[in-house]
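Remarks on the structure that follows.
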2 protein chains.
Amino acid sequence: MGSKIRNMEEFAKASGISRPTISKYFNDPTTVRASTRERIEQALETYDYRPNIFAMNQNRKLTRNIGVVVPSLADPFFAEIARNVEQRCIDAGYRPTLYSAHGSRDQEVEILDSLRSLKPAGLLIAPLGRNSDKAMIEKFTKKVPTVLFDSHLPDIGLSFGGSDNFQFGRLIVDYLCRTGEPPCFFEMKFPANPNANKRRQGYIAAMEALGYAPQVISVEGEGWAFEEIGRRGGLDVIDSAGFPSNTVLCSNDRLAIGLIAACFARNQPVGFADEGAIRIAGMDDHPFSRFTCPPLTTIAQDYEAISKHAVETLFKKLEGDEVTDKVVLFEGKLIMRQSA
Amino acid sequence: MGSKIRNMEEFAKASGISRPTISKYFNDPTTVRASTRERIEQALETYDYRPNIFAMNQNRKLTRNIGVVVPSLADPFFAEIARNVEQRCIDAGYRPTLYSAHGSRDQEVEILDSLRSLKPAGLLIAPLGRNSDKAMIEKFTKKVPTVLFDSHLPDIGLSFGGSDNFQFGRLIVDYLCRTGEPPCFFEMKFPANPNANKRRQGYIAAMEALGYAPQVISVEGEGWAFEEIGRRGGLDVIDSAGFPSNTVLCSNDRLAIGLIAACFARNQPVGFADEGAIRIAGMDDHPFSRFTCPPLTTIAQDYEAISKHAVETLFKKLEGDEVTDKVVLFEGKLIMRQSA
DNA sequence: ATCAAAACTTTCCGCGCGTAAAATTATAGT
DNA sequence: ACTATAATTTTACGCGCGGAAAGTTTTGAT
């Protein structure tokens with residue numbers, strides 16, 4: 001009782017069951033008889049043994065490690081989706097490990113590099129996007145089943161699941177045109193993420209479909225400090241020609257947050273109600289968007305659906321099934337608040 | 001050349017150096033002769049071998065794994081400090097693994113539980129605080145060298161490094177009193193984090209030192225959704241008695257962000273300049289604080305110093321030195337913006 | 001050139017578990 | 001009660017590396 005169990009052999013002896021059966025149990029409890037399972041679990045409670053994870057993974061052809069890689073954890077959007085993905089992995093009996101590339105190509109490469117030695121059963125990655133080392137990632141996906149999310153790299157990985165960013169534009173342009181002046185589009189000149197391009201295209205297509213001339217404003221700035229880029233760009237526009245419309249659709253919420261700050265700094269009111277105010281809308285439904293002043297009208301990404309697709313697609317593959325859906329897109333939902 | 005190296009033995013043969021020496025090199029490159037080191041590193045480039053991490057950790061008494069645990073990654077403050085801590089670990093040749101308790105006591109316990117099997121050389125943890133299972137954490141720290149940061153649990157771990165939250169109150173109360181009406185204090189009734197108590201005490205002490213009567217407003221709400229709690233609480237106060245002062249010091253920036261949103265919703269102007277406006281200040285210098293409307297006056301935590309202390313203290317211990325400083329507090333810096 | 005210290009090689013064992021093969025036992029079904 | 005099948009036990013080997021022990025070579029300083 002008080003004697004500590006040091007390894008599986010001792011635990012087998014203590015529980016009165018052979019070691020190979022114990023081993024089977026830990027690999028998959030359903031492969032042992034129910035009566036045996038109960039005996040093991042009972043012994044497990046009294047003896048508090050757990051197998052050595054390093055010894056386990058050393059010989060197993062397939063570990064139960066899952067790598068989860070996001071481009072940036074400083075962005076609460078990714079923090080939230082990572083949380084969701086992690087939980088699903090744990091529930092399925094896998095061991096997720098979370099990594100953030102911190103917006104850096106080198107870090108993304110390093111993460112994959114060091115991930116190799118973990119012999120992961122699978123990888124769930126939201127790539128940096130434009131800045132990713134695509135060849136490196138592709139090489140990795142040849143060895144490890146990989147599902148992409150958020151940001152799509154064509155022809156890489158088993159599957160991609162993310163938002164239908166093209167549809168985002170249509171959805172919000174329709175709304176904005178219905179309730180006021182047609183919007184101009186506010187974005188970074190060199191967006192880190194390919195989703196931004198889809199969003200611009202969606203905006204342009206929607207405007208043209210409604211018979212309006214699209215107007216795109218691309219501001220300087222690279223990297224992942226979107227709020228600051230939005231603020232600087234916003235100040236520049238306001239201080240020079242001003243916006244060509246009293247309605248501004250931002251490529252994402254973080255840019256919009258920066259733009260709202262710029263408007264405030266220049267005493268430019270924002271919102272749909274006041275005379276002389278400009279309307280600002282974003283995309284993502286960032287956790288902070290409901291606390292901007294005014295609260296930000298935006299398109300909500302379907303966090304749940306995206307993380308669910310990523311995890312379930314990977315597990316389907318790990319269980320031997322073939323993955324058929326190469327690309328799955330999820331619709332966004334219009335979140336009406338007071339900024340537009 | 002094309003033949004792949006499968007293990008250390010093959011790599012030893014290929015590089016013309018004995019396996020034990022190769023083993024020594026990977027444990028600590030400085031323990032082998034410089035000429036040998038060069039030969040190994042040269043072979044390493046041509047053969048692209050890396051030791052099996054599971055086999056390595058199986059026998060080593062001390063792994064180079066470091067657990068990094070934060071209460072919530074949805075909070076960019078922790079995301080940022082985690083990034084800082086991780087990088088320092090990597091630079092020192094350790095393998096950090098990041099975990100978030102997502103504000104949940106059970107998750108925090110589970111993380112430590114599953115961390116055990118990783119045989120970590122050390123643990124860097126920002127505990128949940130009031131809600132932590134202190135006995136469990138203490139038990140863990142008996143086996144694994146642990147440094148606490150951000151949130152202090154008395155008598156647990158080798159050392160604690162965090163902000164001098166008491167000083168925060170003094171610093172900002174002095175400033176606010178010098179430039180306008182003495183502030184009231186806005187906080188959660190049951191703060192998740194013990195720092196909140198220190199901050200309140202600092203506020204009260206500073207007010208009394210200046211000869212003013214402290215006024216504390218505690219709003220309902222539990223958990224980690226601080227912005228929403230601040231917004232709801234703010235609306236309640238505004239809709240009932242109003243604030244007892246035109247200056248409100250919030251226990252943290254996230255509450256302040258919610259309060260600013262509440263003020264906006266009630267057409268209550270915020271800032272130091274306008275007539276009839278209330279001044280709002282926070283504490284933390286949250287990444288979003290510079291983008292609120294108006295930008296938030298706050299006390300900046302010294303991220304760098306906190307993460308540096310945590311990592312260096314742990315490594316000092318791992319290298320055999322004794323740790324003497326049980327508690328190290330870092331001063332905050334006043335960040336003057338337009339909200340106050 | 002000499003010699004002790006440092007670094008290296010050779011040889012060996014063990015870590016904790018996966019897993020295969022063969023023998024044994026338990027289960028379920030007519 | 002009998003059998004086919006599934007589950008378990010016994011036995012044995014191997015994974016890739018850490019690390020100890022003893023012998024050999026290299027190094028660097030006199």
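We label chains A, B, ... in the order they appear in the structure tokens, count residues from 1 in each chain, and number ligands from 1 in the order shown.
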task: With a distance threshold of 8 Å and counting only C-alpha atoms (C1' of nucleotides), extract the residues of chain D near chain B and express them as a list in words.
output: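 Listed by rising number, the hits are DG16, DC17 and DG18 of chain D.
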What would the file look like if the residues just selected were written as a PDB file, in the first residue's frame with N, CA and C atoms (P, O5', C5', C4', C3', O3' and C1' of nucleotides)?
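In the end it all went to part15.pdb:
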```pdb
ATOM      1  P    DG D  16      15.856   2.915 -32.662  1.00  0.00           P
ATOM      2  O5'  DG D  16      16.582   3.978 -31.721  1.00  0.00           O
ATOM      3  C5'  DG D  16      15.816   5.009 -31.133  1.00  0.00           C
ATOM      4  C4'  DG D  16      16.546   5.537 -29.940  1.00  0.00           C
ATOM      5  C3'  DG D  16      18.002   5.919 -30.212  1.00  0.00           C
ATOM      6  O3'  DG D  16      18.167   7.283 -29.920  1.00  0.00           O
ATOM      7  C1'  DG D  16      17.798   4.633 -28.228  1.00  0.00           C
ATOM      8  P    DC D  17      19.536   8.028 -30.032  1.00  0.00           P
ATOM      9  O5'  DC D  17      19.980   8.072 -28.511  1.00  0.00           O
ATOM     10  C5'  DC D  17      19.155   8.778 -27.588  1.00  0.00           C
ATOM     11  C4'  DC D  17      19.423   8.290 -26.187  1.00  0.00           C
ATOM     12  C3'  DC D  17      20.778   8.684 -25.618  1.00  0.00           C
ATOM     13  O3'  DC D  17      20.597   9.816 -24.768  1.00  0.00           O
ATOM     14  C1'  DC D  17      20.104   6.452 -25.021  1.00  0.00           C
ATOM     15  P    DG D  18      21.842  10.463 -24.022  1.00  0.00           P
ATOM     16  O5'  DG D  18      21.852   9.694 -22.635  1.00  0.00           O
ATOM     17  C5'  DG D  18      20.765   9.858 -21.753  1.00  0.00           C
ATOM     18  C4'  DG D  18      21.081   9.265 -20.393  1.00  0.00           C
ATOM     19  C3'  DG D  18      22.348   9.804 -19.747  1.00  0.00           C
ATOM     20  O3'  DG D  18      22.114   9.929 -18.355  1.00  0.00           O
ATOM     21  C1'  DG D  18      22.567   7.453 -20.099  1.00  0.00           C
TER      22       DG D  18
END
```
task: Would you give me, as a ChimeraX atom specification, the residues of chain A that come within 6 Å of chain B, using only C-alpha atoms?
output: /A:54,58,73-74,76,79,261,291,293
Store the residues picked out above in a file with all heavy atoms, as an mmCIF file, in the first residue's frame.
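Result saved to selection.cif:
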```
data_model
loop_
_atom_site.group_PDB
_atom_site.id
_atom_site.type_symbol
_atom_site.label_atom_id
_atom_site.label_comp_id
_atom_site.auth_asym_id
_atom_site.auth_seq_id
_atom_site.Cartn_x
_atom_site.Cartn_y
_atom_site.Cartn_z
ATOM 1 N N PHE A 54 7.966 8.859 -21.489
ATOM 2 C CA PHE A 54 9.099 8.805 -22.412
ATOM 3 C C PHE A 54 9.328 7.378 -22.890
ATOM 4 O O PHE A 54 9.557 7.133 -24.068
ATOM 5 C CB PHE A 54 10.347 9.351 -21.737
ATOM 6 C CG PHE A 54 10.192 10.767 -21.287
ATOM 7 C CD1 PHE A 54 10.100 11.082 -19.953
ATOM 8 C CD2 PHE A 54 10.092 11.791 -22.220
ATOM 9 C CE1 PHE A 54 9.939 12.393 -19.545
ATOM 10 C CE2 PHE A 54 9.928 13.099 -21.825
ATOM 11 C CZ PHE A 54 9.852 13.406 -20.483
ATOM 12 N N GLN A 58 8.877 5.996 -26.794
ATOM 13 C CA GLN A 58 10.118 5.599 -27.438
ATOM 14 C C GLN A 58 9.885 4.516 -28.480
ATOM 15 O O GLN A 58 10.446 4.552 -29.570
ATOM 16 C CB GLN A 58 11.086 5.098 -26.382
ATOM 17 C CG GLN A 58 12.401 4.638 -26.965
ATOM 18 C CD GLN A 58 13.369 4.317 -25.876
ATOM 19 O OE1 GLN A 58 12.979 4.066 -24.747
ATOM 20 N NE2 GLN A 58 14.638 4.326 -26.206
ATOM 21 N N LEU A 73 0.076 34.357 -30.021
ATOM 22 C CA LEU A 73 -0.831 34.195 -28.877
ATOM 23 C C LEU A 73 -1.189 35.529 -28.263
ATOM 24 O O LEU A 73 -2.079 35.610 -27.415
ATOM 25 C CB LEU A 73 -0.190 33.293 -27.825
ATOM 26 C CG LEU A 73 -0.387 31.805 -28.091
ATOM 27 C CD1 LEU A 73 0.366 30.984 -27.077
ATOM 28 C CD2 LEU A 73 -1.868 31.447 -28.047
ATOM 29 N N ALA A 74 -0.487 36.579 -28.697
ATOM 30 C CA ALA A 74 -0.821 37.903 -28.182
ATOM 31 C C ALA A 74 -2.176 38.339 -28.734
ATOM 32 O O ALA A 74 -2.798 39.253 -28.219
ATOM 33 C CB ALA A 74 0.249 38.901 -28.579
ATOM 34 N N PRO A 76 -5.874 37.651 -28.979
ATOM 35 C CA PRO A 76 -6.840 36.828 -28.236
ATOM 36 C C PRO A 76 -7.679 35.922 -29.127
ATOM 37 O O PRO A 76 -8.195 34.914 -28.663
ATOM 38 C CB PRO A 76 -7.732 37.863 -27.538
ATOM 39 C CG PRO A 76 -6.906 39.082 -27.448
ATOM 40 C CD PRO A 76 -6.030 39.076 -28.673
ATOM 41 N N ALA A 79 -5.676 32.871 -29.173
ATOM 42 C CA ALA A 79 -5.675 32.287 -27.830
ATOM 43 C C ALA A 79 -6.966 31.517 -27.613
ATOM 44 O O ALA A 79 -6.972 30.401 -27.079
ATOM 45 C CB ALA A 79 -5.521 33.394 -26.787
ATOM 46 N N ALA A 261 -9.397 54.503 -32.463
ATOM 47 C CA ALA A 261 -8.524 55.326 -31.611
ATOM 48 C C ALA A 261 -8.059 56.566 -32.377
ATOM 49 O O ALA A 261 -7.982 57.665 -31.811
ATOM 50 C CB ALA A 261 -7.328 54.503 -31.136
ATOM 51 N N PHE A 291 -16.127 46.058 -26.537
ATOM 52 C CA PHE A 291 -15.784 47.077 -25.545
ATOM 53 C C PHE A 291 -15.166 48.321 -26.155
ATOM 54 O O PHE A 291 -14.692 49.189 -25.442
ATOM 55 C CB PHE A 291 -14.849 46.481 -24.488
ATOM 56 C CG PHE A 291 -15.473 45.336 -23.760
ATOM 57 C CD1 PHE A 291 -15.078 44.030 -24.030
ATOM 58 C CD2 PHE A 291 -16.478 45.553 -22.835
ATOM 59 C CE1 PHE A 291 -15.671 42.969 -23.373
ATOM 60 C CE2 PHE A 291 -17.078 44.490 -22.179
ATOM 61 C CZ PHE A 291 -16.681 43.196 -22.457
ATOM 62 N N CYS A 293 -15.336 51.943 -28.147
ATOM 63 C CA CYS A 293 -16.277 53.048 -28.006
ATOM 64 C C CYS A 293 -16.412 53.744 -29.346
ATOM 65 O O CYS A 293 -15.503 54.453 -29.735
ATOM 66 C CB CYS A 293 -15.799 54.047 -26.967
ATOM 67 S SG CYS A 293 -15.629 53.336 -25.325
#
```
field: Option closest in space to A:Gly162, from A:Leu296, A:Leu334, A:Ile238, A:Ile125 [counting only C-alpha atoms]
entry: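 With only C-alpha atoms as the atom set, the closest residue is A:Ile125.
Between atom CA of A:Ile172 and atom CA of A:Gln301 the interatomic distance comes to 12.9 Å.
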task: Select residues of chain C: the criterion is any atom within 8 Å of an atom of chain B, counting only C-alpha atoms (C1' of nucleotides); output as a ChimeraX atom specification.
output: /C:7-9,15-16
- request: Extract the full set of strand (DSSP E or B) residues from stretch 23-105 of chain B according to DSSP on the backbone, and format it as a list in words.
  value: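 Residues of stretch 23-105 of chain B classed as strand (DSSP E or B): Asn65, Ile66, Gly67, Val68, Val69, Val70, Arg95, Pro96, Thr97, Leu98, Tyr99 and Ser100 of chain B.
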query: Quick one, how far is atom CA of A:Ser245 from atom CA of A:Ile278?
result: 8.1 Å
message: What parts of stretch 141-330 of chain A does DSSP call helix (DSSP H, G or I)? I'd like the answer as an NGL selection string.
response: :A and (141-143 or 165-179 or 195-209 or 226-239 or 253-265 or 289-291 or 303-318)
